[in-house]
Amino acid sequence: MRVAILGPPGTFSHQACGLILKGHTPIFFQDFEEVLESVTHSECQCALTPFENSNSLGVVRSQMALAVFKSQIFVTDLFTHHIKLNLFCWGEDLSKVTEVRSIEVVFLQAQQWLMKNMPLAVQKPFPSTAAAVQSLTEIGSTTLAAIGSKEAAEIPIRAENIQTEPNVTIFCKVEKNPPDWDRIDHLLVGVDDFADSKAELLIACAAGFNCGIASNWVVSDPVRRIGIFEMRSLGKQIDLRNFCAVVENRVPNASLLGGYANKSITKLAHEKYCRT
Amino acid sequence: MSDPTIEVLVISQNGWWSVICKALEISGFGESEEAAKLAFERSFSSTMLARFRASFSQAMEIPAQADLPSIQGVMPPQMVQRVPISFGKVAA
């Protein structure tokens with residue numbers, strides 16, 4: 001099976017793919033929209049994308065990309081992956097480092113370590129962790145460092161496990177086929193041009209089907225504002241297919257983003273993020 | 001009468017906010033404290049409404065208003081801020 005993930009080789013998506021979807025072939029893309037688009041065109045059978053992280057929370061670009069391809073692709077399963085961050089640098093003396101490179105969310109995941117050890121270094125965002133680490137390969141400078149996975153490049157690692165714990169990312173498996181309606185007990189619903197009035201309509205629809213919102217996220221970029229709702233059935237034998245049809249009919253701009261069974265983003269977040 | 005309070009965790013991490021109730025298995029997430037609380041309120045209202053309607057239709061018995069939990073923020077030491085979230089619509 002060909003699995004679309006954020007590239008280049010050595011990203012945490014690549015690492016997660018090797019652990020979660022062993023034996024399948026990773027295919028690398030430059031951004032999350034390309035990752036998901038490859039599934040809509042059947043270039044890949046599924047995709048593995050991050051949804052949120054315990055330190056940086058919403059992986060907004062990935063969440064927005066899910067909404068872009070609504071009704072064409074669906075989240076069908078969820079996985080967690082413990083993210084261990086490493087600092088790569090050619091030089092041994094980290095006090096001489098003036099610039100640290102990585103994908104933007106990683107700076108949040110390593111914020112405590114960076115504040116303590118490199119408070120003055122400039123944080124330069126890159127499209128992925130692997131791209132950031134590999135950018136050091138050609139330069140060879142001892143004043144540049146990058147943060148990424150162990151597999152990112154053959155460059156000396158000067159500090160391991162620099163993440164603030166717990167540092168867990170929830171990954172979504174995304175497929176072209178809709179979820180198996182007979183099996184699922186959770187739905188992921190997206191609402192474009194989100195407004196509170198639409199949430200009220202959704203809540204009213206859900207109550208009629210004995211369904212409730214488990215979690216919701218409102219994310220925005222300069223172009224759009226979307227609400228993402230994880231709905232769960234609160235009783236047995238609830239016709240989620242019919243519920244979904246009613247929601248799509250009654251709530252403007254609502255569409256199914258996915259469905260899964262026996263696990264949920266809410267539960268995984270509660271298990272992985274809460275320290276008490 | 002059941003305990004009329006529930007515990008919520010309010011977590012602030014790097015400018016992102018989570019409001020979590022483990023007991024009810026609901027949460028809300030947002031880019032600000034206010035957004036996360038609003039998101040939590042949606043989850044809470046939805047879950048309570050669905051449970052209320054289910055119990056009404058199945059048992060034809062309306063739970064007393066006092067049995068619906070009010071929300072009182074209780075945070076462990078590592079949390080950033082003590083929250084008294086007031087949910088006027090459902091508070092007893």
# chains A, B, ... in the order shown; residues from 1 in each chain; ligands from 1
$ interface_residues --of "chain A" --to "chain B" --cutoff "6 Å" --atoms "only C-alpha atoms" --output "PyMOL selection string"
chain A and resi 203+207+210-217
$ write_last_selection --atoms "N, CA and C atoms" --output "PDB file, in the first residue's frame"
ATOM      1  N   ILE A 203     -25.816  21.026  17.257  1.00  0.00           N
ATOM      2  CA  ILE A 203     -26.152  20.497  18.585  1.00  0.00           C
ATOM      3  C   ILE A 203     -27.596  19.997  18.600  1.00  0.00           C
ATOM      4  N   ALA A 207     -28.706  16.098  19.268  1.00  0.00           N
ATOM      5  CA  ALA A 207     -29.563  15.701  20.394  1.00  0.00           C
ATOM      6  C   ALA A 207     -30.695  14.797  19.912  1.00  0.00           C
ATOM      7  N   ASN A 210     -29.447  11.274  19.757  1.00  0.00           N
ATOM      8  CA  ASN A 210     -28.726  10.788  20.935  1.00  0.00           C
ATOM      9  C   ASN A 210     -27.210  10.780  20.678  1.00  0.00           C
ATOM     10  N   CYS A 211     -26.766  11.845  20.014  1.00  0.00           N
ATOM     11  CA  CYS A 211     -25.330  12.035  19.787  1.00  0.00           C
ATOM     12  C   CYS A 211     -24.879  13.311  20.487  1.00  0.00           C
ATOM     13  N   GLY A 212     -23.617  13.368  20.862  1.00  0.00           N
ATOM     14  CA  GLY A 212     -23.101  14.574  21.498  1.00  0.00           C
ATOM     15  C   GLY A 212     -21.760  14.963  20.908  1.00  0.00           C
ATOM     16  N   ILE A 213     -21.403  16.214  21.096  1.00  0.00           N
ATOM     17  CA  ILE A 213     -20.075  16.666  20.670  1.00  0.00           C
ATOM     18  C   ILE A 213     -19.083  16.249  21.754  1.00  0.00           C
ATOM     19  N   ALA A 214     -18.038  15.543  21.370  1.00  0.00           N
ATOM     20  CA  ALA A 214     -17.005  15.164  22.332  1.00  0.00           C
ATOM     21  C   ALA A 214     -15.963  16.285  22.433  1.00  0.00           C
ATOM     22  N   SER A 215     -15.511  16.780  21.300  1.00  0.00           N
ATOM     23  CA  SER A 215     -14.560  17.894  21.272  1.00  0.00           C
ATOM     24  C   SER A 215     -14.827  18.742  20.045  1.00  0.00           C
ATOM     25  N   ASN A 216     -14.396  19.965  20.100  1.00  0.00           N
ATOM     26  CA  ASN A 216     -14.461  20.764  18.878  1.00  0.00           C
ATOM     27  C   ASN A 216     -13.326  21.768  18.829  1.00  0.00           C
ATOM     28  N   TRP A 217     -12.954  22.086  17.619  1.00  0.00           N
ATOM     29  CA  TRP A 217     -11.860  23.002  17.343  1.00  0.00           C
ATOM     30  C   TRP A 217     -12.381  24.058  16.351  1.00  0.00           C
TER      31      TRP A 217
END
$ residues_around --residues "A:His14" --least-positions-apart "2" --cutoff "12 Å" --atoms "only C-alpha atoms" --output "NGL selection string"
:A and (3-12 or 16-22 or 24-29 or 47-50 or 81 or 83 or 128-130 or 148-152 or 171)
$ write_last_selection --atoms "C-alpha atoms" --output "PDB file, in the first residue's frame"
ATOM      1  CA  VAL A   3       1.009   5.863   2.059  1.00  0.00           C
ATOM      2  CA  ALA A   4       1.170   9.626   1.450  1.00  0.00           C
ATOM      3  CA  ILE A   5       3.092  11.565   4.100  1.00  0.00           C
ATOM      4  CA  LEU A   6       4.842  14.891   4.577  1.00  0.00           C
ATOM      5  CA  GLY A   7       8.408  14.661   3.274  1.00  0.00           C
ATOM      6  CA  PRO A   8      11.290  14.578   2.694  1.00  0.00           C
ATOM      7  CA  PRO A   9      12.384  11.239   4.223  1.00  0.00           C
ATOM      8  CA  GLY A  10      13.211  11.628   7.911  1.00  0.00           C
ATOM      9  CA  THR A  11      10.168  13.614   9.043  1.00  0.00           C
ATOM     10  CA  PHE A  12       8.217  12.530  12.110  1.00  0.00           C
ATOM     11  CA  ALA A  16       5.274   7.349  12.518  1.00  0.00           C
ATOM     12  CA  CYS A  17       4.471   5.647   9.222  1.00  0.00           C
ATOM     13  CA  GLY A  18       7.274   3.105   9.795  1.00  0.00           C
ATOM     14  CA  LEU A  19       5.872   2.252  13.221  1.00  0.00           C
ATOM     15  CA  ILE A  20       2.137   2.481  12.587  1.00  0.00           C
ATOM     16  CA  LEU A  21       1.823   1.226   9.006  1.00  0.00           C
ATOM     17  CA  LYS A  22       4.762  -1.192   8.884  1.00  0.00           C
ATOM     18  CA  HIS A  24       3.818  -0.150   3.478  1.00  0.00           C
ATOM     19  CA  THR A  25       5.531   2.226   1.070  1.00  0.00           C
ATOM     20  CA  PRO A  26       5.791   5.882   2.112  1.00  0.00           C
ATOM     21  CA  ILE A  27       5.383   8.429  -0.671  1.00  0.00           C
ATOM     22  CA  PHE A  28       6.627  11.917   0.182  1.00  0.00           C
ATOM     23  CA  PHE A  29       4.941  15.250  -0.565  1.00  0.00           C
ATOM     24  CA  ALA A  47      -2.366   9.230   3.970  1.00  0.00           C
ATOM     25  CA  LEU A  48      -0.992   9.711   7.460  1.00  0.00           C
ATOM     26  CA  THR A  49      -1.267  13.296   8.720  1.00  0.00           C
ATOM     27  CA  PRO A  50      -0.838  14.904  12.150  1.00  0.00           C
ATOM     28  CA  HIS A  81       3.176   8.809  18.288  1.00  0.00           C
ATOM     29  CA  ILE A  83       7.792  12.706  19.364  1.00  0.00           C
ATOM     30  CA  SER A 128       9.425  20.179   7.678  1.00  0.00           C
ATOM     31  CA  THR A 129      11.861  18.956  10.337  1.00  0.00           C
ATOM     32  CA  ALA A 130      13.721  16.801   7.837  1.00  0.00           C
ATOM     33  CA  GLY A 148      14.361  16.825  13.942  1.00  0.00           C
ATOM     34  CA  SER A 149      14.066  13.060  14.209  1.00  0.00           C
ATOM     35  CA  LYS A 150      17.123  10.813  14.582  1.00  0.00           C
ATOM     36  CA  GLU A 151      16.646   9.580  11.041  1.00  0.00           C
ATOM     37  CA  ALA A 152      16.663  13.075   9.487  1.00  0.00           C
ATOM     38  CA  PHE A 171      -2.043  11.111  13.580  1.00  0.00           C
TER      39      PHE A 171
END
$ closest_residue --among "A:Pro166, A:Gly190, A:Pro156, A:Pro127" --to "A:Thr80" --atoms "only C-alpha atoms"
A:Pro166
$ select_by_dssp --residues "stretch 122-190 of chain A" --states "strand (DSSP E or B)" --output "VMD selection string"
chain A and resid 122 to 125 144 to 148 157 to 160 168 to 175 186 to 190
$ write_last_selection --atoms "N, CA and C atoms" --output "CSV table (one decimal), in the first residue's frame"
chain,number,residue,atom,x,y,z
A,122,VAL,N,18.2,32.6,16.9
A,122,VAL,CA,17.0,32.9,16.1
A,122,VAL,C,16.3,31.6,15.6
A,123,GLN,N,15.0,31.5,15.7
A,123,GLN,CA,14.3,30.3,15.3
A,123,GLN,C,13.7,30.5,13.9
A,124,LYS,N,14.3,29.7,13.0
A,124,LYS,CA,13.9,29.9,11.6
A,124,LYS,C,13.0,28.8,11.1
A,125,PRO,N,11.8,29.1,10.7
A,125,PRO,CA,10.9,28.0,10.3
A,125,PRO,C,11.2,27.4,8.9
A,144,LEU,N,25.0,27.1,13.0
A,144,LEU,CA,23.6,26.7,12.7
A,144,LEU,C,23.3,25.4,13.3
A,145,ALA,N,22.0,25.2,13.8
A,145,ALA,CA,21.5,24.0,14.4
A,145,ALA,C,20.2,23.7,13.8
A,146,ALA,N,19.7,22.5,13.9
A,146,ALA,CA,18.3,22.1,13.5
A,146,ALA,C,17.8,21.1,14.4
A,147,ILE,N,16.4,21.0,14.5
A,147,ILE,CA,15.8,20.1,15.3
A,147,ILE,C,14.9,19.1,14.5
A,148,GLY,N,15.1,17.8,14.7
A,148,GLY,CA,14.4,16.8,13.9
A,148,GLY,C,14.5,15.4,14.5
A,157,ILE,N,24.4,14.6,16.5
A,157,ILE,CA,23.3,15.0,17.4
A,157,ILE,C,24.0,15.5,18.7
A,158,ARG,N,23.7,16.8,19.0
A,158,ARG,CA,24.4,17.4,20.2
A,158,ARG,C,23.5,17.3,21.4
A,159,ALA,N,22.2,17.1,21.3
A,159,ALA,CA,21.3,17.0,22.4
A,159,ALA,C,20.1,16.2,22.0
A,160,GLU,N,19.7,15.2,22.9
A,160,GLU,CA,18.6,14.3,22.6
A,160,GLU,C,17.5,14.6,23.6
A,168,VAL,N,3.3,14.3,22.5
A,168,VAL,CA,2.6,13.2,21.7
A,168,VAL,C,1.8,13.9,20.6
A,169,THR,N,1.9,13.3,19.4
A,169,THR,CA,1.1,13.8,18.3
A,169,THR,C,0.0,12.7,17.9
A,170,ILE,N,-1.2,13.2,17.7
A,170,ILE,CA,-2.2,12.3,17.2
A,170,ILE,C,-2.2,12.4,15.7
A,171,PHE,N,-2.0,11.2,15.0
A,171,PHE,CA,-2.0,11.1,13.6
A,171,PHE,C,-3.4,10.5,13.1
A,172,CYS,N,-3.8,11.0,11.9
A,172,CYS,CA,-5.0,10.5,11.3
A,172,CYS,C,-4.6,9.6,10.1
A,173,LYS,N,-5.3,8.5,9.9
A,173,LYS,CA,-5.2,7.7,8.7
A,173,LYS,C,-6.3,8.2,7.8
A,174,VAL,N,-6.0,8.6,6.6
A,174,VAL,CA,-7.0,9.2,5.7
A,174,VAL,C,-7.2,8.4,4.5
A,175,GLU,N,-8.4,8.0,4.1
A,175,GLU,CA,-8.6,7.2,2.9
A,175,GLU,C,-9.7,7.8,2.0
A,186,HIS,N,-17.8,7.1,16.2
A,186,HIS,CA,-17.5,8.5,16.3
A,186,HIS,C,-17.5,9.1,14.9
A,187,LEU,N,-17.9,10.3,14.7
A,187,LEU,CA,-17.8,11.0,13.5
A,187,LEU,C,-17.0,12.3,13.6
A,188,LEU,N,-16.3,12.6,12.5
A,188,LEU,CA,-15.6,13.9,12.5
A,188,LEU,C,-16.4,14.8,11.4
A,189,VAL,N,-16.9,15.9,11.9
A,189,VAL,CA,-17.7,16.7,11.0
A,189,VAL,C,-17.0,18.1,10.8
A,190,GLY,N,-16.9,18.6,9.6
A,190,GLY,CA,-16.3,19.9,9.4
A,190,GLY,C,-17.4,20.9,9.0
$ atom_distance --atom1 "atom CA of A:Gly258" --atom2 "atom CA of A:Thr76"
5.8 Å
$ closest_residue --among "A:Leu114, A:Ile139, A:Met231, A:Val223" --to "A:Ile162" --atoms "only C-alpha atoms"
A:Leu114
$ select_by_dssp --residues "stretch 159-203 of chain A" --states "alpha helix (DSSP H)" --output "PyMOL selection string"
chain A and resi 196-203
$ write_last_selection --atoms "N, CA and C atoms" --output "mmCIF file, in the first residue's frame"
data_model
loop_
_atom_site.group_PDB
_atom_site.id
_atom_site.type_symbol
_atom_site.label_atom_id
_atom_site.label_comp_id
_atom_site.auth_asym_id
_atom_site.auth_seq_id
_atom_site.Cartn_x
_atom_site.Cartn_y
_atom_site.Cartn_z
ATOM 1 N N ASP A 196 -21.384 30.551 15.306
ATOM 2 C CA ASP A 196 -22.035 29.905 16.452
ATOM 3 C C ASP A 196 -23.431 29.387 16.105
ATOM 4 N N SER A 197 -24.138 30.103 15.195
ATOM 5 C CA SER A 197 -25.488 29.656 14.829
ATOM 6 C C SER A 197 -25.438 28.264 14.195
ATOM 7 N N LYS A 198 -24.371 27.974 13.465
ATOM 8 C CA LYS A 198 -24.240 26.646 12.845
ATOM 9 C C LYS A 198 -23.971 25.587 13.906
ATOM 10 N N ALA A 199 -23.203 25.969 14.928
ATOM 11 C CA ALA A 199 -22.948 25.028 16.023
ATOM 12 C C ALA A 199 -24.252 24.690 16.734
ATOM 13 N N GLU A 200 -25.118 25.692 16.906
ATOM 14 C CA GLU A 200 -26.401 25.447 17.576
ATOM 15 C C GLU A 200 -27.269 24.481 16.762
ATOM 16 N N LEU A 201 -27.247 24.646 15.431
ATOM 17 C CA LEU A 201 -27.998 23.713 14.573
ATOM 18 C C LEU A 201 -27.442 22.294 14.708
ATOM 19 N N LEU A 202 -26.117 22.209 14.743
ATOM 20 C CA LEU A 202 -25.475 20.897 14.857
ATOM 21 C C LEU A 202 -25.832 20.244 16.195
ATOM 22 N N ILE A 203 -25.816 21.026 17.257
ATOM 23 C CA ILE A 203 -26.152 20.497 18.585
ATOM 24 C C ILE A 203 -27.596 19.997 18.600
#
